[in-house]
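Engineer: There's a structure below that I have some questions on.
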Amino acid sequence: MPIHILSSELASQIAAGEVVERPASVVKELMENALDAGATQVRIEIAEGGRALIRVSDDGSGIPASEAQLAFERHATSKIASVDDLMRISTLGFRGEALASVASVSHVTCVTRARGEEVGTRLRLEGGRVIEHKGMGAPAGTIITIEHLFYNVPARLKFLKAITTERRHIDALVTRYALAYPDVRFQLTHDGRVTFQTTGSGALQDTLIAVYGLDTAQQMIEISNLQSLLSNTSAIDELETAKLKCLGYVSDPALTRANRDELTFFVNGRWVQDRSLAFAVTQAYHTMLQVNRYPLCFLRIELPPEDVDVNVHPTKSQVRFRDSDAVFRAVQRAVRQALVQETRSIETRGQGEWESEKQGEWEARRPGEEAPGTQAGLRALNLYAPEQLPASNLQPPTSNLQSPISSLQPSVSRIPPLRVLGQIGVTYIVAEGPEGMYLIDQHAAHERVLYERFMAGLGNSTLAVQNLLDPVPVELTPVAVSLVEEHLELFKRIGFELEAFGGNTFLVRSVPAMLAASDLREALNDVLIELDAGDMPLQSDEEARLVRRVCKRAAIKAGQVLSMQEMQGLVQQLEQCISPRTCPHGRPTIIHLSSDQLAREFGRH
Ligand code: ADP
Ligand code: MG
């Protein structure tokens, strides 16, 4: 093929592809335009996850009649005029590409009236071509309706995920922007039902509750710039602080997630994805988090527009800081200070209880882990008293119930009867067997025991389920609600009976018996994250994956003191397991030092 210039239609579809990846990208661009137009109310209506309809209405400045058609041209913008402007962008939009891109891959109807103008405009476009343009009475502001998204881009259409997936992306987006703009009233409807709204009262706390639910919102710690100013910072730091604001909320160290999805950053009002910011926050938690757990945060970073380049990526979701180290430090410090302050106030509330403990003990008993002897701690341990189990669960699981790992490693992986000697570092059990010494990771071992028991119960329908006398209400995020609705049956199969209770609240009627009631919310959360992570794997796989999550949550933790009897109980049950040598996630449960190895180490050979 000789070199030739692409047709303008093809070229614009290619360009559109960079901006409009999925329905949520359309929502993002339209919402940003509304915010740039100074809207105090933004309504987002979605049908079928955005495939059928996306409508964003605002009460902002509106588009003057004489400019309405121009707005849909590529590189048409009212937001910048010169290269200098590009250096200090204070609006969300600036490329003048969004409306043109969206219009080129859909049917658009735009109804708008600029403040100060008598008559509004109605404009309709198909595939970027104007098919109707007339004056019309309209409320001040703009209503943009997108239908038949990607109708002329079959490749994109094919890559759209299930409606619920697209919905979740939209939910995540709208809720984040609602947090960043507490003064704006947001309303989101899916298929005619209001699923999320904020008051626009300006109180971030209200929005926080609307987004995360009351339980989670209560465990969020506020970060205010004031804290940075009060600390013993050097003069340079103070200067930095004056120019650089970091505000928002971070989670209590006890409230964590298994991934970084809930680390949200807004830079000058723009939602950005930034690994180094995420790293700065996690670092600030230092030793407060368990491995592979991540905090939640919602941080707004404000800095002079000339100190950040937003013209990095077509979707504007990445930024480049002029002095990224300074931003990194400021974020880390602000988060750290908020956490330290919070921990101190807990200490004083605890009336010396904490002070009397040695540092080491505090480290060993990190937040989020059950202290030995508490109700829940004891309960978790009681669970492996054999008489509490249905008789069928005492039998080793039958072969068809083995995890993939166990089917690869038949009986050779069984462990011999062991004699427990004690505990090391409140984490490992030391035992002696016919073949030398065994170190057992108490958490990993318990996970394995729970997992095999759970899978056996699932297989022969004797899963031990605990019905809750008082159903526990849990408030979920809009994102989680659609996940739960979609998977109610699956939840029930693994022991969680959930019932819609209006709004975003569900009643938990039963939980897998292995779970302590106090772990319920966290476990549910873990399962939701696990669900969210996989797109549509095979049914049975998915079940096992979720069960592994629940077991991880329910298993005794490192740092928990165990009595001799409890350790013996655990080891005996591990001996019964089909694959006792690894935890369900594949990490080893046991390290074995044979008598031979010992002899060699001591130079006895
Ligand atoms: P950009 O936002 O980068 O300027 P867009 O293609 O998103 O580019 O929009 C083009 C122009 O249309 C904007 O600069 C703005 O003047 C106008 N516009 C778009 N949406 C709205 C709206 N909701 N309210 C007022 N003006 C709007
Ligand atoms: Mg725009």
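Identifiers for the structure tokens are assigned positionally: chains receive A, B, ... in sequence, residues are indexed from 1 per chain, and ligands are indexed from 1 in the order shown.
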Which residues form the shell of 6 Å around ligand 1 when you count only C-alpha atoms and all ligand atoms, given as a list in words?

Structural biologist: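 So, counting only C-alpha atoms and all ligand atoms, the residues near ligand 1 are Asn33, Ala34, Ala37, Gly60, Ser61, Gly62, Ile63, Ala71, Ala76, Thr77, Ser78, Lys79, Gly93, Phe94, Arg95, Gly96, Glu97, Ala98, Leu99, Ala100 and Thr142 of chain A.
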
Engineer: Could you give me, as number ranges by chain, the residues within 7 Å of Leu507 in chain A, counting only C-alpha atoms and dropping anything in the same chain fewer than 5 positions from it?

Structural biologist: A: 471-474, 498-501

Engineer: Return the single residue from A:Val102, A:Val426, A:Ala533, A:Ala513 that is closest to ligand 2, with distances computed using only C-alpha atoms and all ligand atoms.

Structural biologist: A:Val102

Engineer: Figure out the distance between CA of Arg88 in chain A and CA of Ala39 in chain A, please, to one decimal in Å.

Structural biologist: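 Separation between CA of Ala39 in chain A and CA of Arg88 in chain A: 21.9 Å.
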
Engineer: Of the candidates A:Pro23, A:Gly425, A:Pro314, A:Gly586, which one gets nearest to ligand 2 if we count only C-alpha atoms and all ligand atoms?

Structural biologist: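 Using only C-alpha atoms and all ligand atoms, the shortest distance to ligand 2 belongs to A:Pro314.
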
Engineer: Do you know which residues are at most 10 Å from Asn311 in chain A counting only C-alpha atoms, after dropping those on the same chain fewer than 5 positions away, and could you put them as a JSON list (two decimals) with all heavy atoms, in the first residue's frame?

Structural biologist:
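File produced: selection-v9.json:
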```
[["chain", "number", "residue", "atom", "x", "y", "z"],
["A", 86, "LEU", "N", -1.17, 26.89, 28.40],
["A", 86, "LEU", "CA", -0.94, 25.46, 28.55],
["A", 86, "LEU", "C", -0.04, 25.17, 29.76],
["A", 86, "LEU", "O", -0.05, 24.09, 30.32],
["A", 86, "LEU", "CB", -0.30, 24.92, 27.25],
["A", 86, "LEU", "CG", -0.35, 23.42, 27.01],
["A", 86, "LEU", "CD1", -1.76, 22.87, 27.09],
["A", 86, "LEU", "CD2", 0.28, 23.08, 25.67],
["A", 87, "MET", "N", 0.77, 26.16, 30.12],
["A", 87, "MET", "CA", 1.70, 25.99, 31.23],
["A", 87, "MET", "C", 1.00, 26.10, 32.59],
["A", 87, "MET", "O", 1.57, 25.74, 33.60],
["A", 87, "MET", "CB", 2.81, 27.05, 31.18],
["A", 87, "MET", "CG", 3.52, 27.17, 29.85],
["A", 87, "MET", "SD", 4.54, 25.76, 29.52],
["A", 87, "MET", "CE", 5.82, 26.04, 30.74],
["A", 89, "ILE", "N", -2.68, 25.34, 33.62],
["A", 89, "ILE", "CA", -4.08, 25.00, 33.33],
["A", 89, "ILE", "C", -4.87, 24.89, 34.63],
["A", 89, "ILE", "O", -4.46, 24.19, 35.55],
["A", 89, "ILE", "CB", -4.13, 23.69, 32.55],
["A", 89, "ILE", "CG1", -3.68, 24.00, 31.13],
["A", 89, "ILE", "CG2", -5.53, 23.10, 32.54],
["A", 89, "ILE", "CD1", -3.44, 22.80, 30.30],
["A", 94, "PHE", "N", -9.03, 21.14, 28.30],
["A", 94, "PHE", "CA", -8.18, 22.13, 27.63],
["A", 94, "PHE", "C", -7.80, 21.69, 26.23],
["A", 94, "PHE", "O", -7.31, 22.46, 25.43],
["A", 94, "PHE", "CB", -6.91, 22.43, 28.44],
["A", 94, "PHE", "CG", -6.06, 21.19, 28.69],
["A", 94, "PHE", "CD1", -5.07, 20.83, 27.79],
["A", 94, "PHE", "CD2", -6.27, 20.40, 29.80],
["A", 94, "PHE", "CE1", -4.29, 19.70, 28.00],
["A", 94, "PHE", "CE2", -5.51, 19.26, 30.02],
["A", 94, "PHE", "CZ", -4.52, 18.91, 29.13],
["A", 95, "ARG", "N", -8.08, 20.43, 25.91],
["A", 95, "ARG", "CA", -7.66, 19.92, 24.61],
["A", 95, "ARG", "C", -8.69, 20.17, 23.52],
["A", 95, "ARG", "O", -8.39, 20.00, 22.35],
["A", 95, "ARG", "CB", -7.39, 18.42, 24.70],
["A", 95, "ARG", "CG", -6.43, 18.06, 25.80],
["A", 95, "ARG", "CD", -6.35, 16.55, 25.97],
["A", 95, "ARG", "NE", -5.50, 15.97, 24.95],
["A", 95, "ARG", "CZ", -4.23, 15.63, 25.15],
["A", 95, "ARG", "NH1", -3.69, 15.81, 26.32],
["A", 95, "ARG", "NH2", -3.52, 15.12, 24.18],
["A", 316, "LYS", "N", -6.03, 12.59, 30.25],
["A", 316, "LYS", "CA", -5.69, 13.54, 31.31],
["A", 316, "LYS", "C", -5.67, 12.90, 32.70],
["A", 316, "LYS", "O", -5.87, 13.57, 33.70],
["A", 316, "LYS", "CB", -6.68, 14.73, 31.29],
["A", 316, "LYS", "CG", -6.68, 15.48, 29.97],
["A", 316, "LYS", "CD", -7.88, 16.42, 29.86],
["A", 316, "LYS", "CE", -9.13, 15.62, 29.60],
["A", 316, "LYS", "NZ", -10.35, 16.43, 29.56],
["A", 317, "SER", "N", -5.44, 11.59, 32.75],
["A", 317, "SER", "CA", -5.48, 10.93, 34.05],
["A", 317, "SER", "C", -4.08, 10.80, 34.67],
["A", 317, "SER", "O", -3.92, 10.20, 35.72],
["A", 317, "SER", "CB", -6.10, 9.54, 33.91],
["A", 317, "SER", "OG", -5.33, 8.78, 33.02],
["A", 318, "GLN", "N", -3.10, 11.34, 33.97],
["A", 318, "GLN", "CA", -1.76, 11.35, 34.55],
["A", 318, "GLN", "C", -1.21, 12.75, 34.54],
["A", 318, "GLN", "O", -1.54, 13.54, 33.66],
["A", 318, "GLN", "CB", -0.83, 10.44, 33.75],
["A", 318, "GLN", "CG", -1.04, 8.97, 34.08],
["A", 318, "GLN", "CD", -0.42, 8.08, 33.04],
["A", 318, "GLN", "OE1", 0.58, 8.43, 32.42],
["A", 318, "GLN", "NE2", -1.02, 6.92, 32.84],
["A", 319, "VAL", "N", -0.38, 13.04, 35.52],
["A", 319, "VAL", "CA", 0.22, 14.38, 35.57],
["A", 319, "VAL", "C", 1.72, 14.23, 35.83],
["A", 319, "VAL", "O", 2.19, 13.17, 36.22],
["A", 319, "VAL", "CB", -0.38, 15.23, 36.72],
["A", 319, "VAL", "CG1", -1.82, 15.55, 36.45],
["A", 319, "VAL", "CG2", -0.21, 14.53, 38.05],
["A", 320, "ARG", "N", 2.44, 15.28, 35.55],
["A", 320, "ARG", "CA", 3.86, 15.28, 35.86],
["A", 320, "ARG", "C", 4.11, 16.48, 36.78],
["A", 320, "ARG", "O", 3.72, 17.59, 36.45],
["A", 320, "ARG", "CB", 4.68, 15.40, 34.58],
["A", 320, "ARG", "CG", 5.99, 14.67, 34.66],
["A", 320, "ARG", "CD", 6.72, 14.67, 33.33],
["A", 320, "ARG", "NE", 6.19, 13.77, 32.34],
["A", 320, "ARG", "CZ", 5.89, 14.12, 31.07],
["A", 320, "ARG", "NH1", 6.07, 15.37, 30.67],
["A", 320, "ARG", "NH2", 5.44, 13.24, 30.21]]
```

Engineer: So which residues touch His169 in chain A within 8 Å, counting only C-alpha atoms, skipping near sequence neighbours fewer than 4 positions away, as a VMD selection string?

Structural biologist: chain A and resid 24 165 173 479

Engineer: My list of candidates is A:Thr264, A:Met564, A:Thr315, A:His286. Which is closest to ligand 2 when distances are computed with only C-alpha atoms and all ligand atoms?

Structural biologist: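 Smallest separation from ligand 2 among the options: A:Thr315.
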
Engineer: Between A:Leu528, A:Ala114, A:Leu476, A:Val281, which residue has the minimum interatomic distance to Glu67 in chain A, considering only C-alpha atoms?

Structural biologist: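 When distances to Glu67 in chain A are compared using only C-alpha atoms, the smallest one comes from A:Ala114.
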
Engineer: Using DSSP on the backbone, list every residue of range 155-237 of chain A that comes out as helix (DSSP H, G or I), and give them as an mmCIF file with N, CA and C atoms, in the first residue's frame.

Structural biologist:
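That gives us selection.cif:
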```
data_model
loop_
_atom_site.group_PDB
_atom_site.id
_atom_site.type_symbol
_atom_site.label_atom_id
_atom_site.label_comp_id
_atom_site.auth_asym_id
_atom_site.auth_seq_id
_atom_site.Cartn_x
_atom_site.Cartn_y
_atom_site.Cartn_z
ATOM 1 N N ALA A 155 -15.170 -2.768 16.731
ATOM 2 C CA ALA A 155 -14.096 -3.330 17.545
ATOM 3 C C ALA A 155 -14.268 -2.918 19.015
ATOM 4 N N ARG A 156 -14.577 -1.645 19.228
ATOM 5 C CA ARG A 156 -14.777 -1.158 20.597
ATOM 6 C C ARG A 156 -15.977 -1.815 21.260
ATOM 7 N N LEU A 157 -17.032 -1.904 20.470
ATOM 8 C CA LEU A 157 -18.276 -2.463 20.977
ATOM 9 C C LEU A 157 -18.020 -3.870 21.516
ATOM 10 N N LYS A 158 -17.182 -4.601 20.761
ATOM 11 C CA LYS A 158 -16.918 -5.978 21.130
ATOM 12 C C LYS A 158 -16.162 -6.052 22.463
ATOM 13 N N PHE A 159 -15.350 -5.031 22.715
ATOM 14 C CA PHE A 159 -14.535 -5.091 23.920
ATOM 15 C C PHE A 159 -15.234 -4.568 25.166
ATOM 16 N N ILE A 163 -22.606 -5.316 31.350
ATOM 17 C CA ILE A 163 -23.224 -4.070 31.788
ATOM 18 C C ILE A 163 -22.808 -3.724 33.208
ATOM 19 N N THR A 164 -22.776 -4.743 34.070
ATOM 20 C CA THR A 164 -22.436 -4.460 35.463
ATOM 21 C C THR A 164 -21.008 -3.947 35.594
ATOM 22 N N THR A 165 -20.115 -4.451 34.743
ATOM 23 C CA THR A 165 -18.727 -3.972 34.812
ATOM 24 C C THR A 165 -18.664 -2.504 34.414
ATOM 25 N N GLU A 166 -19.344 -2.166 33.311
ATOM 26 C CA GLU A 166 -19.329 -0.770 32.876
ATOM 27 C C GLU A 166 -19.959 0.116 33.944
ATOM 28 N N ARG A 167 -21.005 -0.403 34.558
ATOM 29 C CA ARG A 167 -21.672 0.340 35.617
ATOM 30 C C ARG A 167 -20.717 0.641 36.759
ATOM 31 N N ARG A 168 -19.939 -0.354 37.096
ATOM 32 C CA ARG A 168 -19.009 -0.184 38.207
ATOM 33 C C ARG A 168 -17.974 0.880 37.911
ATOM 34 N N HIS A 169 -17.509 0.906 36.674
ATOM 35 C CA HIS A 169 -16.550 1.942 36.307
ATOM 36 C C HIS A 169 -17.184 3.326 36.447
ATOM 37 N N ILE A 170 -18.431 3.417 36.021
ATOM 38 C CA ILE A 170 -19.113 4.709 36.112
ATOM 39 C C ILE A 170 -19.334 5.087 37.577
ATOM 40 N N ASP A 171 -19.759 4.117 38.364
ATOM 41 C CA ASP A 171 -19.984 4.385 39.788
ATOM 42 C C ASP A 171 -18.710 4.881 40.462
ATOM 43 N N ALA A 172 -17.613 4.192 40.170
ATOM 44 C CA ALA A 172 -16.346 4.567 40.797
ATOM 45 C C ALA A 172 -16.000 6.005 40.438
ATOM 46 N N LEU A 173 -16.221 6.333 39.187
ATOM 47 C CA LEU A 173 -15.882 7.668 38.701
ATOM 48 C C LEU A 173 -16.735 8.755 39.365
ATOM 49 N N VAL A 174 -18.042 8.548 39.331
ATOM 50 C CA VAL A 174 -18.943 9.582 39.852
ATOM 51 C C VAL A 174 -18.736 9.768 41.355
ATOM 52 N N THR A 175 -18.580 8.666 42.080
ATOM 53 C CA THR A 175 -18.405 8.808 43.523
ATOM 54 C C THR A 175 -17.107 9.542 43.846
ATOM 55 N N ARG A 176 -16.036 9.269 43.090
ATOM 56 C CA ARG A 176 -14.771 9.970 43.336
ATOM 57 C C ARG A 176 -14.915 11.456 43.091
ATOM 58 N N TYR A 177 -15.556 11.815 41.978
ATOM 59 C CA TYR A 177 -15.709 13.241 41.683
ATOM 60 C C TYR A 177 -16.602 13.912 42.715
ATOM 61 N N ALA A 178 -17.581 13.169 43.200
ATOM 62 C CA ALA A 178 -18.449 13.747 44.230
ATOM 63 C C ALA A 178 -17.629 14.089 45.472
ATOM 64 N N LEU A 179 -16.651 13.232 45.774
ATOM 65 C CA LEU A 179 -15.785 13.499 46.926
ATOM 66 C C LEU A 179 -14.925 14.731 46.689
ATOM 67 N N ALA A 180 -14.459 14.867 45.478
ATOM 68 C CA ALA A 180 -13.553 15.977 45.185
ATOM 69 C C ALA A 180 -14.304 17.298 45.082
ATOM 70 N N LEU A 204 -17.544 17.565 53.483
ATOM 71 C CA LEU A 204 -16.934 16.381 52.899
ATOM 72 C C LEU A 204 -17.360 15.130 53.658
ATOM 73 N N GLN A 205 -17.559 15.297 54.950
ATOM 74 C CA GLN A 205 -17.948 14.165 55.789
ATOM 75 C C GLN A 205 -19.228 13.501 55.255
ATOM 76 N N ASP A 206 -20.208 14.330 54.851
ATOM 77 C CA ASP A 206 -21.461 13.782 54.311
ATOM 78 C C ASP A 206 -21.198 12.943 53.063
ATOM 79 N N THR A 207 -20.352 13.505 52.198
ATOM 80 C CA THR A 207 -20.066 12.809 50.952
ATOM 81 C C THR A 207 -19.314 11.520 51.231
ATOM 82 N N LEU A 208 -18.427 11.595 52.203
ATOM 83 C CA LEU A 208 -17.650 10.419 52.579
ATOM 84 C C LEU A 208 -18.589 9.276 52.973
ATOM 85 N N ILE A 209 -19.615 9.607 53.717
ATOM 86 C CA ILE A 209 -20.585 8.599 54.136
ATOM 87 C C ILE A 209 -21.360 8.080 52.920
ATOM 88 N N ALA A 210 -21.735 9.002 52.028
ATOM 89 C CA ALA A 210 -22.480 8.572 50.841
ATOM 90 C C ALA A 210 -21.653 7.614 49.991
ATOM 91 N N VAL A 211 -20.353 7.851 49.938
ATOM 92 C CA VAL A 211 -19.500 7.038 49.079
ATOM 93 C C VAL A 211 -19.083 5.728 49.742
ATOM 94 N N TYR A 212 -18.597 5.824 50.983
ATOM 95 C CA TYR A 212 -18.024 4.630 51.607
ATOM 96 C C TYR A 212 -18.991 3.909 52.543
ATOM 97 N N LEU A 214 -21.415 4.414 56.234
ATOM 98 C CA LEU A 214 -21.137 4.994 57.545
ATOM 99 C C LEU A 214 -19.967 4.303 58.248
ATOM 100 N N ASP A 215 -19.974 2.957 58.216
ATOM 101 C CA ASP A 215 -18.940 2.212 58.951
ATOM 102 C C ASP A 215 -17.549 2.620 58.528
ATOM 103 N N THR A 216 -17.344 2.596 57.223
ATOM 104 C CA THR A 216 -16.017 2.905 56.710
ATOM 105 C C THR A 216 -15.692 4.375 56.933
ATOM 106 N N ALA A 217 -16.668 5.230 56.677
ATOM 107 C CA ALA A 217 -16.420 6.666 56.819
ATOM 108 C C ALA A 217 -15.970 6.997 58.234
ATOM 109 N N GLN A 218 -16.530 6.287 59.202
ATOM 110 C CA GLN A 218 -16.153 6.569 60.590
ATOM 111 C C GLN A 218 -14.716 6.184 60.896
ATOM 112 N N ASN A 225 -4.335 20.512 56.420
ATOM 113 C CA ASN A 225 -3.068 21.168 56.192
ATOM 114 C C ASN A 225 -2.484 21.720 57.477
ATOM 115 N N LEU A 226 -3.366 22.061 58.382
ATOM 116 C CA LEU A 226 -2.975 22.646 59.651
ATOM 117 C C LEU A 226 -1.895 21.813 60.322
ATOM 118 N N GLN A 227 -2.078 20.489 60.249
ATOM 119 C CA GLN A 227 -1.138 19.609 60.926
ATOM 120 C C GLN A 227 0.280 19.808 60.410
ATOM 121 N N SER A 228 0.401 19.955 59.115
ATOM 122 C CA SER A 228 1.742 20.126 58.569
ATOM 123 C C SER A 228 2.341 21.434 59.065
ATOM 124 N N LEU A 229 1.519 22.443 59.212
ATOM 125 C CA LEU A 229 2.033 23.734 59.626
ATOM 126 C C LEU A 229 2.474 23.720 61.073
ATOM 127 N N LEU A 230 1.805 22.914 61.876
ATOM 128 C CA LEU A 230 2.116 22.904 63.302
ATOM 129 C C LEU A 230 3.372 22.111 63.631
ATOM 130 N N ALA A 235 12.342 25.501 57.499
ATOM 131 C CA ALA A 235 11.806 26.656 56.772
ATOM 132 C C ALA A 235 11.429 26.282 55.343
ATOM 133 N N ILE A 236 12.283 25.476 54.738
ATOM 134 C CA ILE A 236 11.999 25.083 53.344
ATOM 135 C C ILE A 236 10.701 24.296 53.282
ATOM 136 N N ASP A 237 10.552 23.378 54.240
ATOM 137 C CA ASP A 237 9.345 22.586 54.273
ATOM 138 C C ASP A 237 8.119 23.473 54.401
#
```

Engineer: Residues at most 6 Å from range 42-51 of chain A, counting only C-alpha atoms, excluding those fewer than 5 positions away in the same chain, as a compact mmCIF listing (two decimals) with N, CA, C and O atoms, in the first residue's frame?

Structural biologist:
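The new file selection_2.txt reads:
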```
# COMPACT_ATOMS: atom_id res chain seq x y z
N PRO A 23 -17.83 3.50 28.22
CA PRO A 23 -18.84 4.47 28.66
C PRO A 23 -18.36 5.40 29.77
O PRO A 23 -18.62 6.60 29.75
N VAL A 56 -25.78 13.68 30.73
CA VAL A 56 -25.25 14.52 31.81
C VAL A 56 -25.89 15.90 31.69
O VAL A 56 -25.81 16.53 30.63
N SER A 57 -26.56 16.31 32.76
CA SER A 57 -27.22 17.62 32.75
C SER A 57 -26.58 18.49 33.82
O SER A 57 -26.29 18.03 34.92
N ASP A 58 -26.37 19.75 33.49
CA ASP A 58 -25.79 20.65 34.49
C ASP A 58 -26.49 22.00 34.45
O ASP A 58 -27.21 22.33 33.51
N LEU A 149 -23.57 4.50 21.61
CA LEU A 149 -22.13 4.65 21.74
C LEU A 149 -21.40 3.53 20.99
O LEU A 149 -21.77 2.37 21.11
N ILE A 163 -22.61 -5.32 31.35
CA ILE A 163 -23.22 -4.07 31.79
C ILE A 163 -22.81 -3.72 33.21
O ILE A 163 -22.48 -2.58 33.52
N GLU A 166 -19.34 -2.17 33.31
CA GLU A 166 -19.33 -0.77 32.88
C GLU A 166 -19.96 0.12 33.94
O GLU A 166 -19.51 1.22 34.21
N ARG A 167 -21.00 -0.40 34.56
CA ARG A 167 -21.67 0.34 35.62
C ARG A 167 -20.72 0.64 36.76
O ARG A 167 -20.69 1.74 37.30
N PHE A 186 -24.39 16.03 43.21
CA PHE A 186 -24.34 14.99 42.17
C PHE A 186 -25.52 14.05 42.33
O PHE A 186 -25.93 13.74 43.45
N GLN A 187 -26.06 13.65 41.22
CA GLN A 187 -27.08 12.60 41.28
C GLN A 187 -26.80 11.61 40.16
O GLN A 187 -26.61 11.99 39.01
N LEU A 188 -26.77 10.35 40.53
CA LEU A 188 -26.50 9.31 39.53
C LEU A 188 -27.68 8.35 39.47
O LEU A 188 -28.13 7.85 40.50
N THR A 189 -28.22 8.14 38.27
CA THR A 189 -29.28 7.13 38.15
C THR A 189 -28.87 6.08 37.14
O THR A 189 -28.25 6.38 36.12
N HIS A 190 -29.19 4.84 37.47
CA HIS A 190 -28.98 3.72 36.55
C HIS A 190 -30.36 3.17 36.20
O HIS A 190 -31.12 2.80 37.11
N ASP A 191 -30.65 3.11 34.94
CA ASP A 191 -31.93 2.55 34.49
C ASP A 191 -33.09 3.10 35.30
O ASP A 191 -33.95 2.35 35.77
```
